[in-house]
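Engineer: I'd like to ask you about the structure that follows.
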Amino acid sequence: MKLTAALTAFLCARLLAGAVEFRTLAHSPAPPDNPLKGFLPYLGNYTNFPHSLEWFYLPLNAVMTGSNQFAWGALETRLNAIAARGHHAVFRFYLDYPTLPSGVPQYLLDAGLVTRRYDDYGNNGVSVSPDYEAPLLRAALTNFIHHFGAAYDGDPRIGFITVGLLGFWGEWHTYPYWNPPSNWFASVTVQNEVLDAYQSAFTQTRWLLRQPHGTQPGQRPMGYHDDSFAHSTLDPPGWHFLGALKAAGETNKWRTQPIGGEVRPEIQSCLWETSLSACPIPAQDFSACVDATHATWLLNHAAFEPGFTGAKQDRALAGARRLGYEFFVSEVTFAPQPGGVNIAVALRNLGVAPFYYDWPVELAALLDDGTLVRAWPTPWPLRGLPPAPTNTTWSLTLPDAELPEGVFALALRAVNPLPNGQPLRFANATQDQHRPGWLTLGRFQLTPPALTAIRQSDASVQLRATGGLPPGARVEISADLRSWQPFQTNLPATNWAHVLPAHSLTGAAFFRLVLPPW
């Protein structure tokens, strides 16, 4: 018998044989509850609409009891409750919230801080508007902001902070009391003091202001929040949100700083009907508002309570998906080099806004059952990747010495710094294919399979397949190298051996190892 062992290996063997592997990945919409984007409810355990953020207000007197006395328990309770659900917090401190008791710290009232009673917005004298020019209050605000930042800047439980503190609801206005001779709002000097303090205290956590205020707002690393979204977003008139951004030259601020806000409460439900005519007040086209502002997150509590069903729910989900970023990996290239393998990932942002945090990006080798064998940090910057019709390419060379042997899935992820936070999911069909939170880029072979024929001392011959063998690998037999028949199917994942007795070795036989295409 003439015995020949032949190796035929597809895709995986070529990687280490020197050929470049090019993979195209399929698109699939990313979920509406990706981290740090989408619709959010007020703080609470809501399961009827997917989300990754929760909102709350907090009066300043809940944490500040003296000029240098702070008790953060009320804030901690809320942050911990939200983080326990895998969500990030968005919140605001206030001094004056119409219809709620005053948020002014008691020690300031005891010191004689002047306040003004008002009945507007259904307040009927419940809250009061403080004198924002009072030196004692001004010192308290800047002191609070610096202590607040020292304790919480970069806290992984926090998604975004809105500046708050000044004006009704902390929204930086006291309308209708903000024109002479009855202007209750803070002067530009006081505005700058608050903004200067935030800029100094918060260099990691993103913070947002209601509209451009103070001197040279374009020079500050702050975003903006439209709290009347889809009602007074598009201009004209010039006082609408977009008009205010245009007047300040801030329409491109979204490229580096986040845009958030709240869907106007009166239209949070009717906005998802088939016609806006059902809304009790004028409503603007939601998609047009998103495109113009490049918004990332919006408080939209009606989607959670009472919630929506059917086609209305579907339209609201589509609206949530429209916000913020959506990362799609379209192509992956594996290129062997002397001493390593270069991996190039081509991706683009299909959303309307960048991602605003420096979350680490990792590569990993995974087994077919999802077991993580090895992970590698990368220098790839997720932050600031702009919406674009073309790809950005990341590349990295992994040394051979760091590559484990066998068949693996190469996967990619962005690391959420919140320990139990929701993973950032890419807009790809292979997201979570091998392991939750990881995007599978393709399977690869680091030890080429081999088929050998070894004659034994008793004249028998042992066929041996070695190296990492993917599911579906098989050995085929042929008498003429033209017609092949299965000899052994479903080989084990590592090594396989078969002995051909000496008495069977008559005639000619050829064997080859066949690996399934990946």
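Ordering of the structure tokens sets the chain letters (A, B, ...), residue numbers begin anew at 1 in every chain, and ligands are numbered from 1 in the order given.
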Residues of range 59-195 of chain A in alpha helix (DSSP H) according to DSSP, as a PyMOL selection string?

Structural biologist: chain A and resi 73-84+106-110+135-152+188-195

Engineer: Filtering to C-alpha atoms, could you give me those residues as a tab-separated table (two decimals), in the first residue's frame?

Structural biologist:
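For reference, part.tsv as written:
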```tsv
chain	number	residue	atom	x	y	z
A	73	GLY	CA	-25.29	60.47	52.61
A	74	ALA	CA	-28.32	61.57	50.58
A	75	LEU	CA	-26.23	61.63	47.40
A	76	GLU	CA	-24.55	58.32	48.21
A	77	THR	CA	-27.89	56.59	48.72
A	78	ARG	CA	-29.09	57.63	45.29
A	79	LEU	CA	-25.82	56.89	43.48
A	80	ASN	CA	-25.59	53.44	45.05
A	81	ALA	CA	-29.19	52.54	44.21
A	82	ILE	CA	-28.70	53.50	40.58
A	83	ALA	CA	-25.32	51.77	40.29
A	84	ALA	CA	-26.81	48.58	41.78
A	106	GLN	CA	-30.36	76.44	56.74
A	107	TYR	CA	-27.18	78.10	58.00
A	108	LEU	CA	-27.50	80.69	55.22
A	109	LEU	CA	-31.10	81.47	56.12
A	110	ASP	CA	-30.12	81.75	59.76
A	135	PRO	CA	-21.55	87.42	49.30
A	136	LEU	CA	-22.36	84.68	51.81
A	137	LEU	CA	-24.33	82.68	49.21
A	138	ARG	CA	-21.71	83.23	46.52
A	139	ALA	CA	-18.99	81.91	48.83
A	140	ALA	CA	-21.20	78.95	49.76
A	141	LEU	CA	-21.78	77.99	46.14
A	142	THR	CA	-18.13	78.04	45.08
A	143	ASN	CA	-17.11	76.27	48.28
A	144	PHE	CA	-19.71	73.58	47.69
A	145	ILE	CA	-18.64	73.02	44.08
A	146	HIS	CA	-14.98	72.57	45.03
A	147	HIS	CA	-15.83	70.07	47.78
A	148	PHE	CA	-18.29	68.32	45.46
A	149	GLY	CA	-15.63	67.91	42.78
A	150	ALA	CA	-12.99	66.76	45.24
A	151	ALA	CA	-15.32	64.00	46.41
A	152	TYR	CA	-16.96	62.94	43.13
A	188	VAL	CA	-22.71	87.58	34.89
A	189	THR	CA	-20.12	87.94	37.65
A	190	VAL	CA	-21.89	85.35	39.80
A	191	GLN	CA	-22.47	83.12	36.77
A	192	ASN	CA	-18.74	83.16	36.05
A	193	GLU	CA	-17.92	82.34	39.67
A	194	VAL	CA	-20.09	79.22	39.49
A	195	LEU	CA	-18.76	78.17	36.09
```

Engineer: Write out as an NGL selection string which residues come within 9 Å of Pro98 in chain A when counting only C-alpha atoms, dropping same-chain ones fewer than 2 positions away.

Structural biologist: :A and (96 or 100-102 or 118-128 or 168-169)

Engineer: The selected residues should be written to file as a PDB file, in the first residue's frame (atoms: N, CA and C atoms).

Structural biologist:
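Generated output (again32.pdb):
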```pdb
ATOM      1  N   ASP A  96     -33.698  76.380  44.456  1.00  0.00           N
ATOM      2  CA  ASP A  96     -35.067  76.859  44.316  1.00  0.00           C
ATOM      3  C   ASP A  96     -35.796  76.013  43.277  1.00  0.00           C
ATOM      4  N   LEU A 100     -41.567  72.892  45.669  1.00  0.00           N
ATOM      5  CA  LEU A 100     -40.864  72.095  46.680  1.00  0.00           C
ATOM      6  C   LEU A 100     -40.237  73.012  47.729  1.00  0.00           C
ATOM      7  N   PRO A 101     -40.061  72.530  48.962  1.00  0.00           N
ATOM      8  CA  PRO A 101     -39.425  73.362  49.989  1.00  0.00           C
ATOM      9  C   PRO A 101     -38.059  73.855  49.534  1.00  0.00           C
ATOM     10  N   SER A 102     -37.651  74.979  50.031  1.00  0.00           N
ATOM     11  CA  SER A 102     -36.397  75.596  49.624  1.00  0.00           C
ATOM     12  C   SER A 102     -35.218  74.650  49.823  1.00  0.00           C
ATOM     13  N   TYR A 118     -42.700  83.901  45.726  1.00  0.00           N
ATOM     14  CA  TYR A 118     -43.385  84.008  44.439  1.00  0.00           C
ATOM     15  C   TYR A 118     -44.451  82.921  44.351  1.00  0.00           C
ATOM     16  N   ASP A 119     -45.446  83.169  43.501  1.00  0.00           N
ATOM     17  CA  ASP A 119     -46.556  82.235  43.329  1.00  0.00           C
ATOM     18  C   ASP A 119     -46.549  81.547  41.973  1.00  0.00           C
ATOM     19  N   ASP A 120     -45.647  81.953  41.092  1.00  0.00           N
ATOM     20  CA  ASP A 120     -45.615  81.417  39.731  1.00  0.00           C
ATOM     21  C   ASP A 120     -45.343  79.917  39.731  1.00  0.00           C
ATOM     22  N   TYR A 121     -45.725  79.263  38.607  1.00  0.00           N
ATOM     23  CA  TYR A 121     -45.501  77.821  38.393  1.00  0.00           C
ATOM     24  C   TYR A 121     -46.171  76.968  39.474  1.00  0.00           C
ATOM     25  N   GLY A 122     -47.252  77.501  40.045  1.00  0.00           N
ATOM     26  CA  GLY A 122     -47.957  76.766  41.084  1.00  0.00           C
ATOM     27  C   GLY A 122     -47.225  76.722  42.404  1.00  0.00           C
ATOM     28  N   ASN A 123     -46.231  77.571  42.571  1.00  0.00           N
ATOM     29  CA  ASN A 123     -45.405  77.527  43.780  1.00  0.00           C
ATOM     30  C   ASN A 123     -46.159  78.005  45.021  1.00  0.00           C
ATOM     31  N   ASN A 124     -46.906  79.098  44.870  1.00  0.00           N
ATOM     32  CA  ASN A 124     -47.705  79.631  45.975  1.00  0.00           C
ATOM     33  C   ASN A 124     -46.901  79.809  47.257  1.00  0.00           C
ATOM     34  N   GLY A 125     -45.691  80.335  47.089  1.00  0.00           N
ATOM     35  CA  GLY A 125     -44.875  80.665  48.246  1.00  0.00           C
ATOM     36  C   GLY A 125     -44.163  79.506  48.910  1.00  0.00           C
ATOM     37  N   VAL A 126     -44.225  78.302  48.334  1.00  0.00           N
ATOM     38  CA  VAL A 126     -43.581  77.145  48.969  1.00  0.00           C
ATOM     39  C   VAL A 126     -42.056  77.285  48.913  1.00  0.00           C
ATOM     40  N   SER A 127     -41.509  77.472  47.720  1.00  0.00           N
ATOM     41  CA  SER A 127     -40.074  77.710  47.585  1.00  0.00           C
ATOM     42  C   SER A 127     -39.836  79.221  47.561  1.00  0.00           C
ATOM     43  N   VAL A 128     -38.578  79.612  47.689  1.00  0.00           N
ATOM     44  CA  VAL A 128     -38.217  81.024  47.647  1.00  0.00           C
ATOM     45  C   VAL A 128     -36.995  81.193  46.753  1.00  0.00           C
ATOM     46  N   PHE A 168     -34.837  79.079  38.857  1.00  0.00           N
ATOM     47  CA  PHE A 168     -35.908  78.124  39.110  1.00  0.00           C
ATOM     48  C   PHE A 168     -35.492  76.755  38.576  1.00  0.00           C
ATOM     49  N   TRP A 169     -35.687  75.730  39.367  1.00  0.00           N
ATOM     50  CA  TRP A 169     -35.318  74.342  39.055  1.00  0.00           C
ATOM     51  C   TRP A 169     -33.802  74.176  38.802  1.00  0.00           C
TER      52      TRP A 169
END
```

Engineer: One number please: CA of Pro386 in chain A to CA of Gln433 in chain A, in Å, one decimal.

Structural biologist: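 Between CA of Pro386 in chain A and CA of Gln433 in chain A the gap works out to 26.5 Å.
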
Engineer: Hey, could you make a per-residue contact list for range 272-358 of chain A against range 372-380 of chain A with 12 Å as the cut-off, showing the nearest pair of atoms and its distance in Å to one decimal, counting only C-alpha atoms, sorted by chain and number, as a tab-separated table?

Structural biologist:
```
residue	atom	partner	partner_atom	distance
A:Ile343	CA	A:Thr378	CA	11.0
A:Ala344	CA	A:Trp380	CA	10.9
A:Val345	CA	A:Trp380	CA	10.0
A:Ala346	CA	A:Trp380	CA	11.6
A:Leu347	CA	A:Trp380	CA	11.5
A:Asp358	CA	A:Trp380	CA	9.8
```

Engineer: Those selected residues, please, written with N, CA and C atoms and delivered as a PDB file, in the first residue's frame.

Structural biologist:
```pdb
ATOM      1  N   ILE A 343      -3.258  43.456  13.800  1.00  0.00           N
ATOM      2  CA  ILE A 343      -4.710  43.426  13.742  1.00  0.00           C
ATOM      3  C   ILE A 343      -5.196  44.841  13.472  1.00  0.00           C
ATOM      4  N   ALA A 344      -5.954  45.018  12.413  1.00  0.00           N
ATOM      5  CA  ALA A 344      -6.511  46.315  12.053  1.00  0.00           C
ATOM      6  C   ALA A 344      -8.026  46.233  12.095  1.00  0.00           C
ATOM      7  N   VAL A 345      -8.646  47.160  12.818  1.00  0.00           N
ATOM      8  CA  VAL A 345     -10.092  47.200  12.989  1.00  0.00           C
ATOM      9  C   VAL A 345     -10.608  48.486  12.364  1.00  0.00           C
ATOM     10  N   ALA A 346     -11.481  48.372  11.385  1.00  0.00           N
ATOM     11  CA  ALA A 346     -12.079  49.536  10.724  1.00  0.00           C
ATOM     12  C   ALA A 346     -13.487  49.733  11.266  1.00  0.00           C
ATOM     13  N   LEU A 347     -13.745  50.898  11.832  1.00  0.00           N
ATOM     14  CA  LEU A 347     -15.053  51.153  12.424  1.00  0.00           C
ATOM     15  C   LEU A 347     -15.492  52.573  12.128  1.00  0.00           C
ATOM     16  N   ASP A 358     -13.218  58.406  28.286  1.00  0.00           N
ATOM     17  CA  ASP A 358     -12.036  57.622  27.905  1.00  0.00           C
ATOM     18  C   ASP A 358     -12.131  56.201  28.454  1.00  0.00           C
TER      19      ASP A 358
END
```

Engineer: May I have the residues within 7 Å of range 218-231 of chain A as a list in words, using only C-alpha atoms and disregarding those fewer than 6 positions away in the same chain?

Structural biologist: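 Final neighbour list, sorted by chain and number: Arg206, Trp207, Leu208, Leu209, Arg210, Gln211, Phe241, Glu250, Lys253, Gln257, Pro258, Ile259, Gly260, Gly261, Glu262, Val263, Arg264, Pro282, Ala283, Gln284, Asp285, Phe286 and Cys289 of chain A.
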
Engineer: Need the shell around Leu242 in chain A: protein/DNA/RNA residues with any atom at most 10 Å away, counting only C-alpha atoms. Skip same-chain ones fewer than 3 positions apart. Format as a PyMOL selection string?

Structural biologist: chain A and resi 211+226+232-239+245-248+250-251+289+292-293

Engineer: Pick from A:Pro360, A:Gly310, A:Pro387, A:Gly442: nearest to Glu326 in chain A, with only C-alpha atoms counted?

Structural biologist: A:Pro387

Engineer: For the structure I just gave you, how does DSSP split range 115-322 of chain A - specifically, which residues are strand (DSSP E or B)? Reply as a VMD selection string.

Structural biologist: chain A and resid 115 to 117 128 to 130 158 to 162 165 to 168 178 to 179 182 to 183 206 to 209 223 to 229 259 to 263 297 to 299

Engineer: Which is closer to Arg413 in chain A than all the others in A:Thr162, A:Gln431, A:Thr371, A:Thr397, using only C-alpha atoms?

Structural biologist: A:Gln431

Engineer: Report as a PDB file with C-alpha atoms, in the first residue's frame all protein, DNA and RNA residues lying within 12 Å of Pro32 in chain A, evaluated on only C-alpha atoms, omitting residues in the same chain fewer than 2 positions from it.

Structural biologist:
```
ATOM      1  CA  PRO A  29     -28.644  47.816  15.310  1.00  0.00           C
ATOM      2  CA  ALA A  30     -27.096  48.533  18.694  1.00  0.00           C
ATOM      3  CA  ASN A  34     -26.190  51.372  25.487  1.00  0.00           C
ATOM      4  CA  PRO A  35     -24.292  53.132  28.308  1.00  0.00           C
ATOM      5  CA  LEU A  36     -24.413  56.910  28.718  1.00  0.00           C
ATOM      6  CA  LYS A  37     -27.060  57.537  26.058  1.00  0.00           C
ATOM      7  CA  GLY A  38     -30.757  57.203  25.305  1.00  0.00           C
ATOM      8  CA  PHE A  39     -33.906  57.958  27.297  1.00  0.00           C
ATOM      9  CA  LEU A  40     -33.861  57.978  31.069  1.00  0.00           C
ATOM     10  CA  PHE A  49     -38.256  50.471  28.689  1.00  0.00           C
ATOM     11  CA  PRO A  50     -34.539  49.758  28.187  1.00  0.00           C
ATOM     12  CA  HIS A  51     -32.219  52.397  29.626  1.00  0.00           C
ATOM     13  CA  SER A  52     -28.757  52.913  31.095  1.00  0.00           C
ATOM     14  CA  LEU A  53     -29.213  56.249  32.896  1.00  0.00           C
ATOM     15  CA  THR A 296     -26.943  62.104  23.572  1.00  0.00           C
ATOM     16  CA  TRP A 297     -29.459  61.676  26.413  1.00  0.00           C
ATOM     17  CA  ASP A 314     -41.553  50.826  18.887  1.00  0.00           C
ATOM     18  CA  ARG A 315     -41.436  54.460  17.797  1.00  0.00           C
ATOM     19  CA  ALA A 316     -40.129  55.524  21.196  1.00  0.00           C
ATOM     20  CA  LEU A 317     -37.448  52.816  21.073  1.00  0.00           C
ATOM     21  CA  ALA A 318     -36.385  54.052  17.658  1.00  0.00           C
ATOM     22  CA  GLY A 319     -36.207  57.549  19.119  1.00  0.00           C
ATOM     23  CA  ALA A 320     -33.969  56.385  21.937  1.00  0.00           C
ATOM     24  CA  ARG A 321     -31.677  54.634  19.452  1.00  0.00           C
ATOM     25  CA  ARG A 322     -31.306  57.872  17.498  1.00  0.00           C
ATOM     26  CA  LEU A 323     -29.528  59.550  20.384  1.00  0.00           C
ATOM     27  CA  GLY A 324     -25.772  59.634  20.889  1.00  0.00           C
ATOM     28  CA  TYR A 325     -23.240  57.236  19.400  1.00  0.00           C
ATOM     29  CA  GLU A 326     -23.564  53.927  17.535  1.00  0.00           C
ATOM     30  CA  GLY A 351     -24.833  57.876  15.478  1.00  0.00           C
ATOM     31  CA  GLN A 422     -24.118  47.597  31.199  1.00  0.00           C
ATOM     32  CA  LEU A 424     -21.161  49.035  25.470  1.00  0.00           C
ATOM     33  CA  ARG A 425     -22.427  47.005  22.553  1.00  0.00           C
ATOM     34  CA  PHE A 426     -21.384  47.531  18.958  1.00  0.00           C
ATOM     35  CA  ALA A 427     -23.844  47.631  16.065  1.00  0.00           C
TER      36      ALA A 427
END
```

Engineer: I want to know what sits within 12 Å of Gln456 in chain A, based on only C-alpha atoms, with residues of the same chain fewer than 6 positions away left out; could you give that as a ChimeraX atom specification?

Structural biologist: /A:462-463,498-502

Engineer: For the selection just defined, write its residues with N, CA and C atoms to a file, as a PDB file, in the first residue's frame.

Structural biologist:
```pdb
ATOM      1  N   GLN A 462       0.318   4.928  11.941  1.00  0.00           N
ATOM      2  CA  GLN A 462      -0.557   5.793  12.753  1.00  0.00           C
ATOM      3  C   GLN A 462      -0.788   7.131  12.043  1.00  0.00           C
ATOM      4  N   LEU A 463      -2.072   7.438  11.820  1.00  0.00           N
ATOM      5  CA  LEU A 463      -2.442   8.772  11.344  1.00  0.00           C
ATOM      6  C   LEU A 463      -2.655   9.671  12.557  1.00  0.00           C
ATOM      7  N   HIS A 498      -5.239   7.614  14.755  1.00  0.00           N
ATOM      8  CA  HIS A 498      -5.894   6.402  14.269  1.00  0.00           C
ATOM      9  C   HIS A 498      -4.823   5.468  13.701  1.00  0.00           C
ATOM     10  N   VAL A 499      -4.888   4.203  14.077  1.00  0.00           N
ATOM     11  CA  VAL A 499      -3.890   3.218  13.623  1.00  0.00           C
ATOM     12  C   VAL A 499      -4.472   2.394  12.478  1.00  0.00           C
ATOM     13  N   LEU A 500      -3.714   2.314  11.383  1.00  0.00           N
ATOM     14  CA  LEU A 500      -4.047   1.465  10.242  1.00  0.00           C
ATOM     15  C   LEU A 500      -3.246   0.169  10.394  1.00  0.00           C
ATOM     16  N   PRO A 501      -3.911  -0.975  10.638  1.00  0.00           N
ATOM     17  CA  PRO A 501      -3.178  -2.236  10.817  1.00  0.00           C
ATOM     18  C   PRO A 501      -2.370  -2.588   9.562  1.00  0.00           C
ATOM     19  N   ALA A 502      -1.299  -3.319   9.774  1.00  0.00           N
ATOM     20  CA  ALA A 502      -0.403  -3.672   8.654  1.00  0.00           C
ATOM     21  C   ALA A 502      -1.150  -4.455   7.578  1.00  0.00           C
TER      22      ALA A 502
END
```
